[in-house]
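This is protein.csv. It holds CSV, C-alpha atoms.
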chain,number,residue,atom,x,y,z
A,26,MET,CA,29.5,101.2,-18.5
A,27,ILE,CA,31.2,104.1,-16.7
A,28,THR,CA,29.1,107.0,-15.4
A,29,ILE,CA,30.8,110.3,-14.4
A,30,ARG,CA,28.7,112.3,-11.9
A,31,PRO,CA,28.8,114.6,-9.0
A,32,ALA,CA,29.5,112.8,-5.7
A,33,ASP,CA,27.1,112.7,-2.9
A,34,GLN,CA,27.5,111.9,0.8
A,35,ASP,CA,26.7,108.3,0.4
A,36,ASP,CA,29.9,108.0,-1.8
A,37,ALA,CA,32.2,109.1,0.9
A,38,GLY,CA,33.1,105.6,2.2
A,39,GLN,CA,34.0,104.5,-1.3
A,40,ILE,CA,36.0,107.7,-2.0
A,41,ALA,CA,38.1,107.4,1.1
A,42,PRO,CA,40.3,104.4,0.0
A,43,LEU,CA,40.9,106.1,-3.4
A,44,ILE,CA,42.1,109.3,-1.8
A,45,ASN,CA,44.1,107.3,0.7
A,46,MET,CA,46.0,105.8,-2.2
A,47,ILE,CA,47.2,109.4,-3.1
A,48,PHE,CA,48.3,110.0,0.5
A,49,ASP,CA,50.2,106.8,0.5
A,50,GLU,CA,52.0,107.7,-2.8
A,51,MET,CA,52.8,111.2,-1.4
A,52,GLN,CA,54.5,109.6,1.6
A,53,LEU,CA,53.7,112.6,3.8
A,54,GLU,CA,55.7,112.3,7.0
A,55,GLU,CA,53.0,113.7,9.2
A,56,LEU,CA,50.7,110.8,8.2
A,57,ASP,CA,53.3,108.0,8.8
A,58,ASP,CA,52.1,107.1,12.2
A,59,ILE,CA,48.3,107.4,11.5
A,60,PRO,CA,46.6,104.0,11.4
A,61,GLU,CA,44.8,103.4,8.1
A,62,PRO,CA,41.3,103.1,9.7
A,63,ASP,CA,41.7,106.5,11.3
A,64,LEU,CA,43.0,108.1,8.2
A,65,GLU,CA,40.1,106.7,6.1
A,66,GLN,CA,37.6,107.7,8.8
A,67,ALA,CA,38.9,111.3,8.5
A,68,ILE,CA,38.8,111.3,4.7
A,69,THR,CA,35.3,109.8,4.8
A,70,ALA,CA,34.1,112.6,7.2
A,71,ALA,CA,35.6,115.3,4.9
A,72,TYR,CA,33.8,113.9,1.8
A,73,ARG,CA,30.5,113.9,3.6
A,74,THR,CA,30.7,117.7,4.1
A,75,PRO,CA,28.8,120.1,1.8
A,76,ASP,CA,32.1,122.1,1.4
A,77,TYR,CA,33.8,119.1,-0.2
A,78,LEU,CA,30.9,117.9,-2.3
A,79,SER,CA,29.7,121.1,-4.0
A,80,GLY,CA,30.3,124.1,-1.8
A,81,LYS,CA,33.9,125.3,-1.6
A,82,ALA,CA,35.0,122.3,-3.7
A,83,THR,CA,33.6,119.9,-6.2
A,84,THR,CA,33.9,116.1,-6.0
A,85,VAL,CA,33.2,114.1,-9.1
A,86,VAL,CA,33.1,110.3,-9.2
A,87,ALA,CA,33.3,107.6,-11.9
A,88,GLU,CA,30.9,104.8,-11.2
A,89,ALA,CA,30.8,101.3,-12.6
A,90,ASP,CA,28.3,98.6,-11.6
A,91,GLY,CA,27.0,100.8,-8.7
A,92,GLN,CA,30.5,101.2,-7.3
A,93,VAL,CA,32.8,104.3,-7.1
A,94,VAL,CA,35.9,103.4,-9.1
A,95,GLY,CA,37.4,106.9,-9.6
A,96,VAL,CA,37.3,110.3,-8.1
A,97,ALA,CA,38.4,113.8,-9.0
A,98,PHE,CA,38.4,116.6,-6.4
A,99,GLY,CA,39.1,120.3,-7.0
A,100,TYR,CA,38.3,123.9,-6.2
A,101,PRO,CA,39.0,127.5,-7.2
A,102,ASP,CA,42.4,128.6,-5.8
A,103,LYS,CA,40.7,131.2,-3.6
A,104,ASN,CA,38.9,128.4,-1.7
A,105,GLU,CA,42.1,126.4,-0.8
A,106,ASP,CA,42.2,127.6,2.8
A,107,ALA,CA,38.6,126.8,3.4
A,108,VAL,CA,38.9,123.4,1.9
A,109,ASP,CA,42.0,122.7,4.0
A,110,ASP,CA,40.1,123.8,7.1
A,111,VAL,CA,37.6,121.0,6.5
A,112,LEU,CA,40.4,118.3,6.8
A,113,ALA,CA,41.9,120.2,9.8
A,114,ARG,CA,38.5,120.1,11.5
A,115,VAL,CA,37.8,116.4,10.9
A,116,THR,CA,41.3,115.4,12.0
A,117,ALA,CA,41.2,117.6,15.1
A,118,ASP,CA,38.4,115.4,16.4
A,119,ASN,CA,40.4,112.2,15.8
A,120,ASP,CA,42.8,111.3,18.7
A,121,ALA,CA,45.1,109.3,16.3
A,122,PHE,CA,46.2,112.6,14.7
A,123,GLY,CA,47.3,114.2,17.9
A,124,SER,CA,46.6,117.6,16.3
A,125,ALA,CA,44.8,118.8,13.3
A,126,PHE,CA,46.4,117.9,9.9
A,127,GLU,CA,47.5,121.0,8.1
A,128,ALA,CA,47.9,120.8,4.4
A,129,GLU,CA,50.5,122.8,2.4
A,130,ALA,CA,49.4,125.3,-0.2
A,131,GLU,CA,49.4,123.6,-3.6
A,132,SER,CA,47.5,125.8,-6.0
A,133,TYR,CA,48.6,128.7,-8.2
A,134,GLU,CA,46.6,131.9,-8.4
A,135,HIS,CA,43.7,132.2,-10.8
A,136,GLU,CA,43.2,128.5,-11.4
A,137,TRP,CA,40.6,125.8,-10.6
A,138,TYR,CA,42.9,123.4,-8.8
A,139,LEU,CA,42.6,119.7,-9.3
A,140,ASP,CA,43.7,118.6,-5.8
A,141,SER,CA,43.1,114.9,-6.3
A,142,ILE,CA,42.4,112.3,-9.0
A,143,ALA,CA,42.5,108.6,-8.4
A,144,VAL,CA,41.2,105.4,-10.1
A,145,ASP,CA,40.7,102.1,-8.4
A,146,PRO,CA,43.7,99.8,-9.4
A,147,ASP,CA,41.3,97.2,-10.7
A,148,TYR,CA,39.9,99.8,-13.2
A,149,GLN,CA,43.1,101.5,-14.3
A,150,GLY,CA,43.9,101.4,-18.0
A,151,HIS,CA,40.3,101.7,-19.1
A,152,GLY,CA,40.2,105.5,-19.7
A,153,ILE,CA,38.5,106.5,-16.4
A,154,GLY,CA,41.2,109.0,-15.6
A,155,GLY,CA,40.7,110.6,-19.0
A,156,LYS,CA,36.9,110.7,-18.5
A,157,LEU,CA,37.2,112.4,-15.2
A,158,LEU,CA,39.6,115.0,-16.7
A,159,ALA,CA,37.3,115.6,-19.6
A,160,ALA,CA,34.4,116.4,-17.1
A,161,LEU,CA,36.3,119.0,-15.1
A,162,PRO,CA,36.1,122.0,-17.4
A,163,ARG,CA,32.4,122.2,-16.8
A,164,TYR,CA,32.9,122.5,-13.1
A,165,ALA,CA,35.8,125.0,-13.5
A,166,ARG,CA,33.7,127.2,-15.7
A,167,ALA,CA,30.8,127.0,-13.3
A,168,ASP,CA,33.2,128.4,-10.7
A,169,GLY,CA,34.2,131.2,-13.1
A,170,MET,CA,37.7,129.9,-13.8
A,171,GLN,CA,39.5,129.8,-17.1
A,172,ARG,CA,42.3,127.3,-16.3
A,173,ILE,CA,42.7,124.1,-14.4
A,174,GLY,CA,45.9,123.4,-12.5
A,175,LEU,CA,47.4,120.3,-10.8
A,176,ASN,CA,50.5,118.9,-9.4
A,177,VAL,CA,52.0,115.7,-10.5
A,178,ASP,CA,54.9,113.9,-8.8
A,179,MET,CA,58.1,114.2,-10.9
A,180,ALA,CA,58.6,110.4,-10.4
A,181,ASN,CA,55.1,109.6,-11.7
A,182,LEU,CA,55.8,109.6,-15.4
A,183,GLY,CA,52.7,107.7,-16.3
A,184,ALA,CA,50.5,110.4,-14.8
A,185,LYS,CA,52.5,113.1,-16.4
A,186,LYS,CA,52.1,111.4,-19.8
A,187,LEU,CA,48.3,111.4,-19.2
A,188,TYR,CA,48.2,115.1,-18.5
A,189,ASP,CA,50.4,115.8,-21.5
A,190,ARG,CA,48.0,113.9,-23.7
A,191,TYR,CA,45.2,116.1,-22.4
A,192,HIS,CA,47.1,119.3,-23.2
A,193,TYR,CA,48.2,120.2,-19.7
A,194,GLU,CA,51.4,122.2,-19.9
A,195,THR,CA,54.1,122.3,-17.2
A,196,VAL,CA,54.3,125.9,-15.8
A,197,GLY,CA,56.4,125.3,-12.8
A,198,ILE,CA,57.9,123.0,-10.1
A,199,LYS,CA,56.4,122.8,-6.6
A,200,PRO,CA,57.7,121.1,-3.5
A,201,ILE,CA,55.1,119.3,-1.4
A,202,GLY,CA,56.2,117.4,1.6
A,203,ASP,CA,59.6,115.8,0.8
A,204,ARG,CA,58.9,115.5,-3.0
A,205,MET,CA,59.0,117.7,-6.0
A,206,TYR,CA,56.0,118.1,-8.4
A,207,PHE,CA,55.4,119.5,-11.8
A,208,HIS,CA,52.7,122.1,-11.7
A,209,MET,CA,50.7,121.8,-14.8
A,210,GLN,CA,47.8,123.9,-16.2
A,211,TYR,CA,45.2,123.5,-18.9
A,212,GLU,CA,43.6,126.6,-20.5
A,213,LEU,CA,39.9,126.1,-20.9
A,214,GLY,CA,39.8,127.8,-24.3
A,215,LYS,CA,41.3,124.6,-25.7
A,216,ASP,CA,39.2,121.6,-26.5
A,217,LEU,CA,40.0,118.8,-24.1
A,218,VAL,CA,40.7,116.0,-26.5
A,219,MET,CA,43.5,113.5,-26.7
A,220,ALA,CA,46.5,114.7,-28.8

Would you mind writing the file's structure down as structure tokens?
Amino acid sequence: MITIRPADQDDAGQIAPLINMIFDEMQLEELDDIPEPDLEQAITAAYRTPDYLSGKATTVVAEADGQVVGVAFGYPDKNEDAVDDVLARVTADNDAFGSAFEAEAESYEHEWYLDSIAVDPDYQGHGIGGKLLAALPRYARADGMQRIGLNVDMANLGAKKLYDRYHYETVGIKPIGDRMYFHMQYELGKDLVMA
């Protein structure tokens, strides 16, 4: 059975490898020389902060058999700088980074931005990504937002297909790092059900 729930500090160590998968896929040049243990340590530290769990952002996990097998992380667009500051702070304390990691702006105005969503490869294809997506409107509404936005790599057609199925619409194209992304949005007035 899969349980979708808000993350807590104890989940951080299990969230880190999932988020690291996203960083690997993004192939960010500034992370090329960072050893995996140092990167996961920084990610773990960020996901232990109140700002990442339920302050400036919200982290939701999918749990199976007592293990975190999926994660979704998002925030209102107005909180993006504060959220990015958390990662900058935790990387500034890690010698492997040399200097604080600075993220690029990714959100559009007036949206609850789904920064990250990942599912453990051993659990992919079981609807966990869809369950995480279906849980997000509740958190976006709690933050006073009426739309959810996200970026999906133009080369990741499987992910784009998932978002299409859940009624996300492409509203623009955004460069992040050296790649191009579709920026997609979901209006909360719609029912989040599969087409």

Q.
One decimal, in Å: what's the spacing between atom CA of Ala107 of chain A and atom CA of Ile153 of chain A?
A.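 Pair atom CA of Ala107 of chain A / atom CA of Ile153 of chain A returns 28.4 Å.
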
Q.
I'd like the contact shell of Ala82 of chain A - 7 Å cut-off, only C-alpha atoms, skipping same-chain residues fewer than 3 positions apart - returned as a list in words.
A. Asp76, Tyr77, Leu78, Ser79, Gly99, Tyr100 and Val108 of chain A

Which residues of segment 48-159 of chain A come within 7 Å of segment 175-184 of chain A, and what is each one's closest atom pair and distance in Å (one decimal), counting all atoms listed in the file, sorted by chain and residue number, as CSV?
residue,atom,partner,partner_atom,distance
A:Tyr138,CA,A:Leu175,CA,5.8
A:Leu139,CA,A:Leu175,CA,5.1
A:Asp140,CA,A:Leu175,CA,6.4

Could you list, with a cut-off of 10 Å and counting only C-alpha atoms, the residues of segment 122-176 of chain A near segment 191-206 of chain A, each shown with its nearest atom pair and the distance in Å rounded to one decimal, rows sorted by chain and ascending number, as a Markdown table?
| residue | atom | partner | partner_atom | distance |
| --- | --- | --- | --- | --- |
| A:Ala128 | CA | A:Ile201 | CA | 9.4 |
| A:Glu129 | CA | A:Ile201 | CA | 6.9 |
| A:Ala130 | CA | A:Ile201 | CA | 8.4 |
| A:Glu131 | CA | A:Ile201 | CA | 7.5 |
| A:Ser132 | CA | A:Lys199 | CA | 9.4 |
| A:Tyr133 | CA | A:Gly197 | CA | 9.7 |
| A:Gly155 | CA | A:Tyr191 | CA | 7.9 |
| A:Leu158 | CA | A:Tyr191 | CA | 8.1 |
| A:Ala159 | CA | A:Tyr191 | CA | 8.4 |
| A:Arg172 | CA | A:Tyr193 | CA | 9.8 |
| A:Ile173 | CA | A:Tyr193 | CA | 8.6 |
| A:Gly174 | CA | A:Tyr193 | CA | 8.2 |
| A:Leu175 | CA | A:Tyr193 | CA | 8.9 |
| A:Asn176 | CA | A:Tyr206 | CA | 5.6 |

Report the closest atom pair, with its distance in Å rounded to one decimal, for each residue of segment 83-189 of chain A that has an atom no farther than 7 Å from segment 32-43 of chain A; count all atoms listed in the file, sort by chain and then rising residue number, and write it as JSON lines.
{"residue": "A:Thr84", "atom": "CA", "partner": "A:Ala32", "partner_atom": "CA", "distance": 5.5}
{"residue": "A:Val85", "atom": "CA", "partner": "A:Ala32", "partner_atom": "CA", "distance": 5.2}
{"residue": "A:Val86", "atom": "CA", "partner": "A:Ala32", "partner_atom": "CA", "distance": 5.6}
{"residue": "A:Val93", "atom": "CA", "partner": "A:Gln39", "partner_atom": "CA", "distance": 5.9}
{"residue": "A:Val96", "atom": "CA", "partner": "A:Ile40", "partner_atom": "CA", "distance": 6.8}
{"residue": "A:Ala143", "atom": "CA", "partner": "A:Leu43", "partner_atom": "CA", "distance": 5.8}
{"residue": "A:Val144", "atom": "CA", "partner": "A:Leu43", "partner_atom": "CA", "distance": 6.7}
{"residue": "A:Asp145", "atom": "CA", "partner": "A:Leu43", "partner_atom": "CA", "distance": 6.4}

Write out as a compact mmCIF listing (two decimals) with C-alpha atoms, in the frame of the given file the residues lying within 12 Å of Asp110 of chain A, counting only C-alpha atoms and excluding same-chain residues fewer than 4 positions away.
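Listed below is the output, out33.txt:
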# COMPACT_ATOMS: atom_id res chain seq x y z
CA ALA A 71 35.60 115.30 4.90
CA THR A 74 30.70 117.70 4.10
CA ASP A 76 32.10 122.10 1.40
CA TYR A 77 33.80 119.10 -0.20
CA LYS A 81 33.90 125.30 -1.60
CA ASN A 104 38.90 128.40 -1.70
CA GLU A 105 42.10 126.40 -0.80
CA ASP A 106 42.20 127.60 2.80
CA ARG A 114 38.50 120.10 11.50
CA VAL A 115 37.80 116.40 10.90
CA THR A 116 41.30 115.40 12.00
CA ALA A 117 41.20 117.60 15.10
CA ALA A 125 44.80 118.80 13.30
CA PHE A 126 46.40 117.90 9.90
CA GLU A 127 47.50 121.00 8.10
CA ALA A 128 47.90 120.80 4.40
CA GLU A 129 50.50 122.80 2.40
CA ALA A 130 49.40 125.30 -0.20

Q. Using only C-alpha atoms, which of A:Met170, A:Ile44, A:Ala121, A:Ala113 sits nearest Gly214 of chain A?
A.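 Looking only at the distances to Gly214 of chain A, the closest residue turns out to be A:Met170.
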
Q) Looking at A:Ile47, A:Leu56, A:Met209, A:Leu112, which one is nearest to Ser141 of chain A, with distances taken over all atoms listed in the file? A) A:Ile47

**Q.** Selected residue, from A:Asp109, A:Glu88, A:Asp118, A:Asp63, that lies nearest to Arg30 of chain A when counting only C-alpha atoms
**A.**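 Using only C-alpha atoms, the shortest distance to Arg30 of chain A belongs to A:Glu88.
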
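Across A:Pro62, A:Lys185, A:Tyr148, A:Trp137, the tightest approach to Leu161 of chain A is made by A:Trp137 when counting all atoms listed in the file.
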
Q. Counting only C-alpha atoms, which of A:Pro101, A:Gly91, A:Pro31, A:Pro60 gets nearest to Ala167 of chain A?
A. A:Pro101

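When all atoms listed in the file are used to measure the gap to Arg190 of chain A, the shortest distance among A:Phe207, A:Gly154, A:Phe48, A:Asp168 belongs to A:Gly154.
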
Q | Interatomic distance (Å, one decimal) between atom CA of Gln171 of chain A and atom CA of Glu136 of chain A | A |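 Between atom CA of Gln171 of chain A and atom CA of Glu136 of chain A the gap is 6.9 Å.
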
Q) What is the atom CA of Tyr211 of chain A to atom CA of Ala87 of chain A distance in Å? A)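 About the pair atom CA of Tyr211 of chain A and atom CA of Ala87 of chain A: they are 21.1 Å apart.
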
Would you compute an axis-aligned box for segment 42-52 of chain A, covering every atom listed for it in the file with 5 Å of margin on each side, and report centre and edge lengths in Å to one decimal as JSON?
{"center_x": 47.4, "center_y": 107.8, "center_z": -0.9, "size_x": 24.2, "size_y": 16.8, "size_z": 15.0}

Could you give me segment 186-197 of chain A completed to all heavy atoms, formatted as a JSON list (two decimals), keeping the file's coordinate frame?
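Produced file selection00.json, reproduced below:
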[["chain", "number", "residue", "atom", "x", "y", "z"],
["A", 186, "LYS", "N", 52.37, 111.74, -18.36],
["A", 186, "LYS", "CA", 52.10, 111.40, -19.80],
["A", 186, "LYS", "C", 50.55, 111.60, -20.04],
["A", 186, "LYS", "O", 50.16, 112.12, -21.09],
["A", 186, "LYS", "CB", 52.50, 109.99, -20.06],
["A", 186, "LYS", "CG", 52.39, 109.58, -21.49],
["A", 186, "LYS", "CD", 52.97, 108.17, -21.67],
["A", 186, "LYS", "CE", 52.75, 107.65, -23.06],
["A", 186, "LYS", "NZ", 53.28, 106.29, -23.22],
["A", 187, "LEU", "N", 49.71, 111.17, -19.08],
["A", 187, "LEU", "CA", 48.30, 111.40, -19.20],
["A", 187, "LEU", "C", 47.93, 112.84, -19.35],
["A", 187, "LEU", "O", 47.20, 113.26, -20.25],
["A", 187, "LEU", "CB", 47.51, 110.74, -18.06],
["A", 187, "LEU", "CG", 46.01, 111.05, -18.00],
["A", 187, "LEU", "CD1", 45.26, 110.31, -19.10],
["A", 187, "LEU", "CD2", 45.44, 110.67, -16.63],
["A", 188, "TYR", "N", 48.48, 113.66, -18.45],
["A", 188, "TYR", "CA", 48.20, 115.10, -18.50],
["A", 188, "TYR", "C", 48.71, 115.74, -19.75],
["A", 188, "TYR", "O", 48.06, 116.61, -20.33],
["A", 188, "TYR", "CB", 48.70, 115.78, -17.23],
["A", 188, "TYR", "CG", 48.11, 115.21, -15.96],
["A", 188, "TYR", "CD1", 48.93, 114.80, -14.91],
["A", 188, "TYR", "CD2", 46.74, 115.05, -15.80],
["A", 188, "TYR", "CE1", 48.40, 114.26, -13.75],
["A", 188, "TYR", "CE2", 46.20, 114.51, -14.66],
["A", 188, "TYR", "CZ", 47.03, 114.12, -13.63],
["A", 188, "TYR", "OH", 46.50, 113.58, -12.49],
["A", 189, "ASP", "N", 49.88, 115.32, -20.21],
["A", 189, "ASP", "CA", 50.40, 115.80, -21.50],
["A", 189, "ASP", "C", 49.45, 115.52, -22.61],
["A", 189, "ASP", "O", 49.18, 116.37, -23.46],
["A", 189, "ASP", "CB", 51.79, 115.20, -21.79],
["A", 189, "ASP", "CG", 52.93, 115.73, -20.93],
["A", 189, "ASP", "OD1", 52.82, 116.84, -20.37],
["A", 189, "ASP", "OD2", 53.94, 115.00, -20.80],
["A", 190, "ARG", "N", 48.94, 114.32, -22.63],
["A", 190, "ARG", "CA", 48.00, 113.90, -23.70],
["A", 190, "ARG", "C", 46.75, 114.75, -23.70],
["A", 190, "ARG", "O", 46.16, 114.98, -24.74],
["A", 190, "ARG", "CB", 47.67, 112.41, -23.50],
["A", 190, "ARG", "CG", 46.95, 111.81, -24.69],
["A", 190, "ARG", "CD", 46.71, 110.31, -24.58],
["A", 190, "ARG", "NE", 47.57, 109.62, -23.65],
["A", 190, "ARG", "CZ", 47.13, 108.76, -22.72],
["A", 190, "ARG", "NH1", 45.84, 108.52, -22.59],
["A", 190, "ARG", "NH2", 47.96, 108.16, -21.92],
["A", 191, "TYR", "N", 46.35, 115.23, -22.53],
["A", 191, "TYR", "CA", 45.20, 116.10, -22.40],
["A", 191, "TYR", "C", 45.49, 117.55, -22.42],
["A", 191, "TYR", "O", 44.72, 118.37, -21.93],
["A", 191, "TYR", "CB", 44.34, 115.66, -21.18],
["A", 191, "TYR", "CG", 43.52, 114.43, -21.45],
["A", 191, "TYR", "CD1", 44.06, 113.16, -21.30],
["A", 191, "TYR", "CD2", 42.21, 114.52, -21.91],
["A", 191, "TYR", "CE1", 43.32, 112.02, -21.58],
["A", 191, "TYR", "CE2", 41.46, 113.40, -22.20],
["A", 191, "TYR", "CZ", 42.03, 112.15, -22.03],
["A", 191, "TYR", "OH", 41.28, 111.03, -22.32],
["A", 192, "HIS", "N", 46.65, 117.88, -22.98],
["A", 192, "HIS", "CA", 47.10, 119.30, -23.20],
["A", 192, "HIS", "C", 47.33, 120.11, -21.99],
["A", 192, "HIS", "O", 47.23, 121.34, -22.04],
["A", 192, "HIS", "CB", 46.04, 119.98, -24.15],
["A", 192, "HIS", "CG", 45.78, 119.25, -25.41],
["A", 192, "HIS", "ND1", 46.70, 119.18, -26.43],
["A", 192, "HIS", "CD2", 44.72, 118.50, -25.80],
["A", 192, "HIS", "CE1", 46.20, 118.44, -27.41],
["A", 192, "HIS", "NE2", 45.01, 118.00, -27.06],
["A", 193, "TYR", "N", 47.68, 119.47, -20.89],
["A", 193, "TYR", "CA", 48.20, 120.20, -19.70],
["A", 193, "TYR", "C", 49.62, 120.56, -20.00],
["A", 193, "TYR", "O", 50.36, 119.73, -20.55],
["A", 193, "TYR", "CB", 48.04, 119.37, -18.45],
["A", 193, "TYR", "CG", 46.65, 119.33, -17.89],
["A", 193, "TYR", "CD1", 45.67, 118.54, -18.46],
["A", 193, "TYR", "CD2", 46.31, 120.09, -16.77],
["A", 193, "TYR", "CE1", 44.37, 118.49, -17.95],
["A", 193, "TYR", "CE2", 45.03, 120.05, -16.24],
["A", 193, "TYR", "CZ", 44.07, 119.26, -16.84],
["A", 193, "TYR", "OH", 42.79, 119.23, -16.33],
["A", 194, "GLU", "N", 50.01, 121.77, -19.63],
["A", 194, "GLU", "CA", 51.40, 122.20, -19.90],
["A", 194, "GLU", "C", 52.07, 122.47, -18.53],
["A", 194, "GLU", "O", 51.47, 123.04, -17.61],
["A", 194, "GLU", "CB", 51.38, 123.49, -20.69],
["A", 194, "GLU", "CG", 50.82, 123.28, -22.09],
["A", 194, "GLU", "CD", 50.78, 124.56, -22.91],
["A", 194, "GLU", "OE1", 51.35, 125.58, -22.47],
["A", 194, "GLU", "OE2", 50.17, 124.51, -23.99],
["A", 195, "THR", "N", 53.32, 122.08, -18.45],
["A", 195, "THR", "CA", 54.10, 122.30, -17.20],
["A", 195, "THR", "C", 54.42, 123.81, -17.16],
["A", 195, "THR", "O", 54.97, 124.38, -18.09],
["A", 195, "THR", "CB", 55.41, 121.49, -17.26],
["A", 195, "THR", "OG1", 55.06, 120.10, -17.36],
["A", 195, "THR", "CG2", 56.22, 121.72, -16.00],
["A", 196, "VAL", "N", 54.06, 124.43, -16.02],
["A", 196, "VAL", "CA", 54.30, 125.90, -15.80],
["A", 196, "VAL", "C", 55.18, 126.16, -14.64],
["A", 196, "VAL", "O", 55.52, 127.32, -14.39],
["A", 196, "VAL", "CB", 52.94, 126.64, -15.69],
["A", 196, "VAL", "CG1", 52.11, 126.51, -16.96],
["A", 196, "VAL", "CG2", 52.16, 126.14, -14.47],
["A", 197, "GLY", "N", 55.58, 125.12, -13.91],
["A", 197, "GLY", "CA", 56.40, 125.30, -12.80],
["A", 197, "GLY", "C", 56.74, 124.04, -12.04],
["A", 197, "GLY", "O", 56.28, 122.96, -12.44]]
